[in-house]
Amino acid sequence: MRRYLLQRLAQLVAVLLVVSFLTFLLTNLLPGGPENAILGPNATPEAVAELRAELRLDDPLPVRYVRWLGDVVQGDFGESYTQRVPISELLADRLPRSLELMVVAQFLALAVAIPLGIASAYRAGGWLDRWANMTAFGLLALPNFILAVLLVFFLSLGGVVVFGRQVGVDFFPATGLVPWSVDAVAHVKSLFLPALALAAGQIAVYMRLLRTDMVATLQEDYIGTARAKGIPTRRILFRHALKPSSFSLLTVAGINVGALIGGAVIIESIFVFGGIGDLIVRSIYTRDYLTIQAGVLVVAAGFVIVNFLVDLLYSVLDPRIRHVRAAV
Amino acid sequence: MSELQSESVTTRREAPETRETREETVAALSGDVLDAAVIPAIRRRGLGIGFWLAVGWLAVLVGLAVLAPVLPFVQDPATLDPFALREGPTADHWLGADDGGRDVFARIIYGGRVSLFIGVASVTIGMTIGGFLGLTAGYFRGRYERVVMSAMDTLLAFPALVLALALVTFLSDPGEQGGSITTVTLALGILAIPALARITRASTLTFAEREFVTAARSLGASHRRILTREILPNVVPPMLSFSLLAVAVVIVAEGALSFLGLSVQAPQPTWGNLIAQGRPVLREAPHIALMPCAVMFVTLLSLNFAGDTLRRRFDVREGLL
């Protein structure tokens with residue numbers, strides 16, 4: 001186990017290095033180099049020379065990479081060109097919002113998917129199963145930005161009037177995140193739509209995953225034994241069958257935590273959420289390359305680390321796959 | 001992905017021993033094990049009406065998109081009609097008109113040209129490069145496979161949309177805002193490579209050790225011949241069904257990019273920027289955003305449905321991924 005752990009850890013460090021190097025390359029392979037990106041194509045030669053000296057751009061690429069990485073490891077991402085503040089401050093301000101959105105979306109998805117998955121496995125082929133399966137298929141085909149537009153339309157703009165009846169409400173705010181400290185209720189309300197838009201696709205995935213595993217578990221002999229002992233159905237489903245059926249659900253849920261960090265980009269920007277994704281998109285608009293570089297690095301590193309932890313957790317839970325790759 | 005969708009319990013439980021062929025699975029299931037749930041998954045079924053509906057929608061859409069400039073009922077997407085500003089559906093404007101009085105139907109069709117072109121072209125790029133890498137990795141194995149696959153895994157380690165954003169930004173010239181069709185196609189094509197390489201490799205693995213390959217080898221066939229004549233013809237059909245699913249993924253990604261204003265730029269309609277354009281007036285004129293949403297959704301549903309049906313039919317086991 002120890003050797004396995006060290007091996008995986010070395011792998012993690014290697015992947016992180018590659019990821020950071022690629023991120024670094026993105027900015028430095030720009031046509032015209034960073035000075036062009038910062039000053040624009042019409043800059044005077046003097047200004048360019050000054051900037052090159054300031055950023056020490058005349059050193060060889062590997063030297064600059066190591067220097068940048070050294071700064072990053074110490075939490076120094078440089079200064080944003082457009083906002084003139086340290087990027088680390090921007091990140092520190094926005095990271096908690098993104099993390100909260102991610103966690104809430106994940107809980108929402110599991111809270112809906114687990115009962116639905118169990119119910120459709122219990123009566124596999126029944127009306128609920130078929131209905132849930134169809135809905136899940138639809139949800140999987142629905143891009144989250146379209147879902148976000150629909151949610152805003154029906155839940156915060158009042159929807160449409162059909163035959164004189166209002167279909168929809170204007171209960172939720174369409175944009176922004178009200179801080180918890182200002183108003184707790186408003187905070188939850190402003191968090192709900194973005195979280196739901198993010199969770200919808202996950203609900204479909206989790207539900208189908210749990211259903212498939214659960215159907216298999218319910219055919220095991222010990223379920224029959226439990227039934228013969230007269231244990232109530234609800235208890236069998238939740239106590240006896242749920243745990244052994246939830247391995248793949250947990251893995252995928254874990255991996256999706258990582259995916260949500262990146263997938264939230266568009267949702268955050270639709271709802272003007274003020275998270276990391278929002279920051280990346282806005283920096284792209286303003287061509288603030290150092291900030292993009294920092295944002296992409298944070299998101300990618302988070303993604304890689306979460307995947308690593310989930311992989312590890314999975315192999316602790318289920319020793320059989322300790323030496324085989326988990327197929328996801 | 002298919003793991004989530006596999007229909008029968010038994011197929012799933014058997015997934016770890018993936019070398020089995022369909023025939024072997026059938027043979028292994030003696031009468032009493034062969035319960036009702038297993039039979040439909042193994043027996044070849046018709047493709048079903050849903051499949052043909054999906055294909056029909058796609059065919060109509062592709063037809064409209066390709067022929068748009070010559071079809072009399074598709075208006076010019078840039079013509080401003082001052083009498084139809086924000087108008088809902090009418091006889092003149094089937095799906096209504098937008099802020100400038102431009103025909104929403106025409107703009108959706110012209111947007112479809114861009115979205116579908118980028119979808120198909122990116123997947124072609126991804127399929128060519130990723131397919132080659134996956135095929136050779138699955139056939140030659142060894143160190144080459146390890147190097148290729150860990151490179152693919154590293155690419156997959158980036159969150160896709162973030163990588164797409166970064167690639168488009170960095171592939172474009174500093175002066176231009178957003179991407180051109182070429183840069184977006186290229187960026188999304190690069191993104192498609194790792195997933196398609198992994199799937200091709202998995203599919204290749206199931207064939208690389210089969211008898212007919214051994215037979216070809218013992219007859220003295222060269223690697224190139226075995227790859228192109230023996231393995232490729234078997235790998236192509238399932239890959240084509242996957243490519244439908246991949247086109248759907250790319251269309252979503254392009255939609256997301258252009259929704260953010262980072263793909264093909266505004267006068268040129270794409271589904272993503274049509275939706276983005278209608279969003280500010282969602283309350284006053286909801287059809288401007290909702291019509292392209294609906295068309296995009298039905299298209300994605302059709303691609304997924306058709307791809308899924310075919311994939312199940314070719315029965316690619318993803319346990320090997």
# chains A, B, ... in the order shown; residues from 1 in each chain; ligands from 1
call {"tool": "residues_around", "arguments": {"residues": "A:Thr291", "least_positions_apart": "4", "cutoff": "10 Å", "atoms": "only C-alpha atoms", "output": "list in words"}}
result
Phe77, Gly78, Glu79, Ser80, Tyr81, Thr82, Gln83, Pro86, Ile87, Ser88, Leu90, Leu91, Leu279, Ile280, Arg282, Ser283, Ile284, Arg287, Gly295, Val296 and Leu297 of chain A
call {"tool": "residues_around", "arguments": {"residues": "B:Val66", "least_positions_apart": "5", "cutoff": "10 Å", "atoms": "only C-alpha atoms", "output": "compact mmCIF listing (two decimals) with N, CA and C atoms, in the first residue's frame"}}
result
# COMPACT_ATOMS: atom_id res chain seq x y z
N VAL B 60 -32.95 16.72 -42.14
CA VAL B 60 -33.62 17.97 -42.52
C VAL B 60 -32.74 19.16 -42.17
N LEU B 61 -32.19 19.12 -40.97
CA LEU B 61 -31.37 20.24 -40.52
C LEU B 61 -30.14 20.43 -41.39
N LEU B 71 -32.38 28.13 -50.99
CA LEU B 71 -33.78 27.84 -50.70
C LEU B 71 -34.58 29.15 -50.64
N ILE B 109 -30.94 28.75 -39.01
CA ILE B 109 -30.41 27.88 -40.07
C ILE B 109 -28.95 28.25 -40.36
N TYR B 110 -28.68 29.56 -40.51
CA TYR B 110 -27.31 29.98 -40.79
C TYR B 110 -26.39 29.71 -39.60
N GLY B 112 -26.81 27.21 -37.66
CA GLY B 112 -26.60 25.77 -37.74
C GLY B 112 -25.47 25.42 -38.69
N ARG B 113 -25.33 26.20 -39.76
CA ARG B 113 -24.21 25.96 -40.68
C ARG B 113 -22.90 26.00 -39.93
N LEU B 116 -22.81 23.13 -37.01
CA LEU B 116 -22.66 21.78 -37.55
C LEU B 116 -21.30 21.61 -38.21
N PHE B 117 -20.86 22.66 -38.95
CA PHE B 117 -19.56 22.54 -39.60
C PHE B 117 -18.46 22.35 -38.56
call {"tool": "select_by_dssp", "arguments": {"residues": "stretch 28-186 of chain A", "states": "helix (DSSP H, G or I)", "output": "PyMOL selection string"}}
result
chain A and resi 28+33-39+45-54+61-73+87-122+127-141+144-155+184-186
call {"tool": "residues_around", "arguments": {"residues": "B:Arg102", "least_positions_apart": "5", "cutoff": "12 Å", "atoms": "only C-alpha atoms", "output": "list in words"}}
result
Val74, Gln75, Asp76, Pro77, Ala78, Thr79, Leu80, Asp81, Pro82, Phe83, Ala84, Leu85, Arg86, Glu87, Gly88, Asp92, His93, Trp94, Leu95, Gly96, Ala97, Arg107, Ile108, Pro267, Pro269, Leu274 and Ile288 of chain B
call {"tool": "residues_around", "arguments": {"residues": "A:Ala174", "least_positions_apart": "6", "cutoff": "7 Å", "atoms": "only C-alpha atoms", "output": "PDB file with N, CA and C atoms, in the first residue's frame"}}
result
ATOM      1  N   VAL A 152     -33.748  30.958 -15.628  1.00  0.00           N
ATOM      2  CA  VAL A 152     -33.908  32.399 -15.412  1.00  0.00           C
ATOM      3  C   VAL A 152     -35.261  32.847 -15.953  1.00  0.00           C
ATOM      4  N   SER A 156     -37.139  33.412 -12.601  1.00  0.00           N
ATOM      5  CA  SER A 156     -36.841  34.744 -12.077  1.00  0.00           C
ATOM      6  C   SER A 156     -37.425  35.871 -12.925  1.00  0.00           C
ATOM      7  N   PHE A 271     -24.583  33.922 -14.388  1.00  0.00           N
ATOM      8  CA  PHE A 271     -25.217  34.474 -13.198  1.00  0.00           C
ATOM      9  C   PHE A 271     -24.369  35.566 -12.534  1.00  0.00           C
TER      10      PHE A 271
END
call {"tool": "select_by_dssp", "arguments": {"residues": "stretch 144-276 of chain A", "states": "strand (DSSP E)", "output": "ChimeraX atom specification"}}
result
/A:160-162,165-167
call {"tool": "write_last_selection", "arguments": {"atoms": "C-alpha atoms", "output": "short mmCIF file (atom, residue, chain, number, x, y, z; two decimals), in the first residue's frame"}}
result
data_model
loop_
_atom_site.label_atom_id
_atom_site.label_comp_id
_atom_site.auth_asym_id
_atom_site.auth_seq_id
_atom_site.Cartn_x
_atom_site.Cartn_y
_atom_site.Cartn_z
CA VAL A 160 -44.91 33.37 -20.06
CA VAL A 161 -48.64 33.88 -19.96
CA VAL A 162 -50.41 30.92 -21.58
CA ARG A 165 -52.42 31.96 -16.82
CA GLN A 166 -48.96 32.85 -15.67
CA VAL A 167 -46.54 29.94 -16.16
#
call {"tool": "residues_around", "arguments": {"residues": "B:Leu245", "least_positions_apart": "3", "cutoff": "9 Å", "atoms": "only C-alpha atoms", "output": "ChimeraX atom specification"}}
result
/B:241-242,248-250,300,303-308
call {"tool": "write_last_selection", "arguments": {"atoms": "N, CA and C atoms", "output": "PDB file, in the first residue's frame"}}
result
ATOM      1  N   SER B 241     -20.243   5.462 -34.660  1.00  0.00           N
ATOM      2  CA  SER B 241     -21.365   5.723 -33.764  1.00  0.00           C
ATOM      3  C   SER B 241     -20.920   6.634 -32.621  1.00  0.00           C
ATOM      4  N   PHE B 242     -19.677   6.462 -32.180  1.00  0.00           N
ATOM      5  CA  PHE B 242     -19.166   7.364 -31.158  1.00  0.00           C
ATOM      6  C   PHE B 242     -19.013   8.779 -31.687  1.00  0.00           C
ATOM      7  N   ALA B 248     -22.056  15.882 -30.902  1.00  0.00           N
ATOM      8  CA  ALA B 248     -22.938  16.559 -29.951  1.00  0.00           C
ATOM      9  C   ALA B 248     -22.125  17.293 -28.888  1.00  0.00           C
ATOM     10  N   VAL B 249     -21.091  16.626 -28.377  1.00  0.00           N
ATOM     11  CA  VAL B 249     -20.263  17.256 -27.343  1.00  0.00           C
ATOM     12  C   VAL B 249     -19.601  18.524 -27.882  1.00  0.00           C
ATOM     13  N   VAL B 250     -19.084  18.432 -29.122  1.00  0.00           N
ATOM     14  CA  VAL B 250     -18.402  19.590 -29.703  1.00  0.00           C
ATOM     15  C   VAL B 250     -19.394  20.732 -29.943  1.00  0.00           C
ATOM     16  N   LEU B 300     -29.235  18.124 -30.338  1.00  0.00           N
ATOM     17  CA  LEU B 300     -28.367  17.366 -29.434  1.00  0.00           C
ATOM     18  C   LEU B 300     -29.034  16.063 -29.010  1.00  0.00           C
ATOM     19  N   LEU B 303     -28.722  13.678 -31.924  1.00  0.00           N
ATOM     20  CA  LEU B 303     -27.365  13.139 -32.056  1.00  0.00           C
ATOM     21  C   LEU B 303     -27.103  12.096 -30.975  1.00  0.00           C
ATOM     22  N   ASN B 304     -27.469  12.434 -29.736  1.00  0.00           N
ATOM     23  CA  ASN B 304     -27.254  11.486 -28.643  1.00  0.00           C
ATOM     24  C   ASN B 304     -28.046  10.210 -28.853  1.00  0.00           C
ATOM     25  N   PHE B 305     -29.291  10.380 -29.262  1.00  0.00           N
ATOM     26  CA  PHE B 305     -30.149   9.209 -29.394  1.00  0.00           C
ATOM     27  C   PHE B 305     -29.651   8.296 -30.503  1.00  0.00           C
ATOM     28  N   ALA B 306     -29.359   8.902 -31.672  1.00  0.00           N
ATOM     29  CA  ALA B 306     -28.888   8.096 -32.799  1.00  0.00           C
ATOM     30  C   ALA B 306     -27.545   7.451 -32.453  1.00  0.00           C
ATOM     31  N   GLY B 307     -26.634   8.235 -31.872  1.00  0.00           N
ATOM     32  CA  GLY B 307     -25.315   7.705 -31.526  1.00  0.00           C
ATOM     33  C   GLY B 307     -25.421   6.571 -30.518  1.00  0.00           C
ATOM     34  N   ASP B 308     -26.284   6.766 -29.537  1.00  0.00           N
ATOM     35  CA  ASP B 308     -26.455   5.777 -28.491  1.00  0.00           C
ATOM     36  C   ASP B 308     -27.022   4.472 -29.034  1.00  0.00           C
TER      37      ASP B 308
END
call {"tool": "residues_around", "arguments": {"residues": "B:Ser115", "least_positions_apart": "5", "cutoff": "8 Å", "atoms": "only C-alpha atoms", "output": "PyMOL selection string"}}
result
chain B and resi 251+254-255+270-271
call {"tool": "residues_around", "arguments": {"residues": "B:Val264", "least_positions_apart": "2", "cutoff": "9 Å", "atoms": "only C-alpha atoms", "output": "list in words"}}
result
Val114, Gly178, Gly179, Ser180, Ile181, Val184, Glu254, Leu257, Ser258, Gly261, Leu262, Ala266, Pro267, Gln268, Pro269, Thr270 and Asn273 of chain B
call {"tool": "write_last_selection", "arguments": {"atoms": "N, CA and C atoms", "output": "short mmCIF file (atom, residue, chain, number, x, y, z; two decimals), in the first residue's frame"}}
result
data_model
loop_
_atom_site.label_atom_id
_atom_site.label_comp_id
_atom_site.auth_asym_id
_atom_site.auth_seq_id
_atom_site.Cartn_x
_atom_site.Cartn_y
_atom_site.Cartn_z
N VAL B 114 -22.73 27.04 -39.11
CA VAL B 114 -21.47 27.19 -38.37
C VAL B 114 -21.33 26.07 -37.33
N GLY B 178 -12.28 37.09 -29.74
CA GLY B 178 -12.90 35.81 -30.00
C GLY B 178 -12.15 35.05 -31.07
N GLY B 179 -12.73 33.99 -31.59
CA GLY B 179 -12.02 33.15 -32.54
C GLY B 179 -12.64 33.21 -33.91
N SER B 180 -11.93 32.66 -34.90
CA SER B 180 -12.52 32.48 -36.21
C SER B 180 -12.98 31.03 -36.29
N ILE B 181 -13.67 30.69 -37.38
CA ILE B 181 -14.12 29.31 -37.52
C ILE B 181 -12.92 28.36 -37.46
N VAL B 184 -11.48 28.03 -33.78
CA VAL B 184 -12.39 27.28 -32.91
C VAL B 184 -12.40 25.81 -33.29
N GLU B 254 -18.91 24.40 -28.57
CA GLU B 254 -18.90 25.58 -29.42
C GLU B 254 -20.00 26.54 -28.95
N LEU B 257 -18.80 28.34 -25.95
CA LEU B 257 -17.82 29.37 -26.30
C LEU B 257 -18.49 30.58 -26.93
N SER B 258 -19.38 30.35 -27.89
CA SER B 258 -19.95 31.51 -28.56
C SER B 258 -20.98 32.19 -27.68
N GLY B 261 -19.22 34.64 -26.09
CA GLY B 261 -18.65 35.62 -27.00
C GLY B 261 -17.21 35.33 -27.36
N LEU B 262 -16.79 34.07 -27.22
CA LEU B 262 -15.38 33.75 -27.46
C LEU B 262 -15.20 32.84 -28.66
N ALA B 266 -20.03 38.07 -33.64
CA ALA B 266 -21.45 38.38 -33.69
C ALA B 266 -22.17 38.54 -35.04
N PRO B 267 -21.72 39.32 -36.01
CA PRO B 267 -22.60 39.41 -37.17
C PRO B 267 -22.87 38.03 -37.77
N GLN B 268 -21.88 37.17 -37.70
CA GLN B 268 -22.02 35.78 -38.14
C GLN B 268 -22.82 35.02 -37.08
N PRO B 269 -24.05 34.53 -37.40
CA PRO B 269 -24.82 33.88 -36.35
C PRO B 269 -24.30 32.47 -36.05
N THR B 270 -24.27 32.11 -34.77
CA THR B 270 -24.09 30.72 -34.35
C THR B 270 -25.15 30.48 -33.29
N ASN B 273 -24.27 32.28 -30.00
CA ASN B 273 -24.39 33.73 -29.88
C ASN B 273 -25.82 34.22 -30.13
#
call {"tool": "atom_distance", "arguments": {"atom1": "atom CA of A:Phe145", "atom2": "atom CA of B:Ile199"}}
result
27.4 Å
call {"tool": "atom_distance", "arguments": {"atom1": "atom CA of A:Gly254", "atom2": "atom CA of A:Arg97"}}
result
19.1 Å
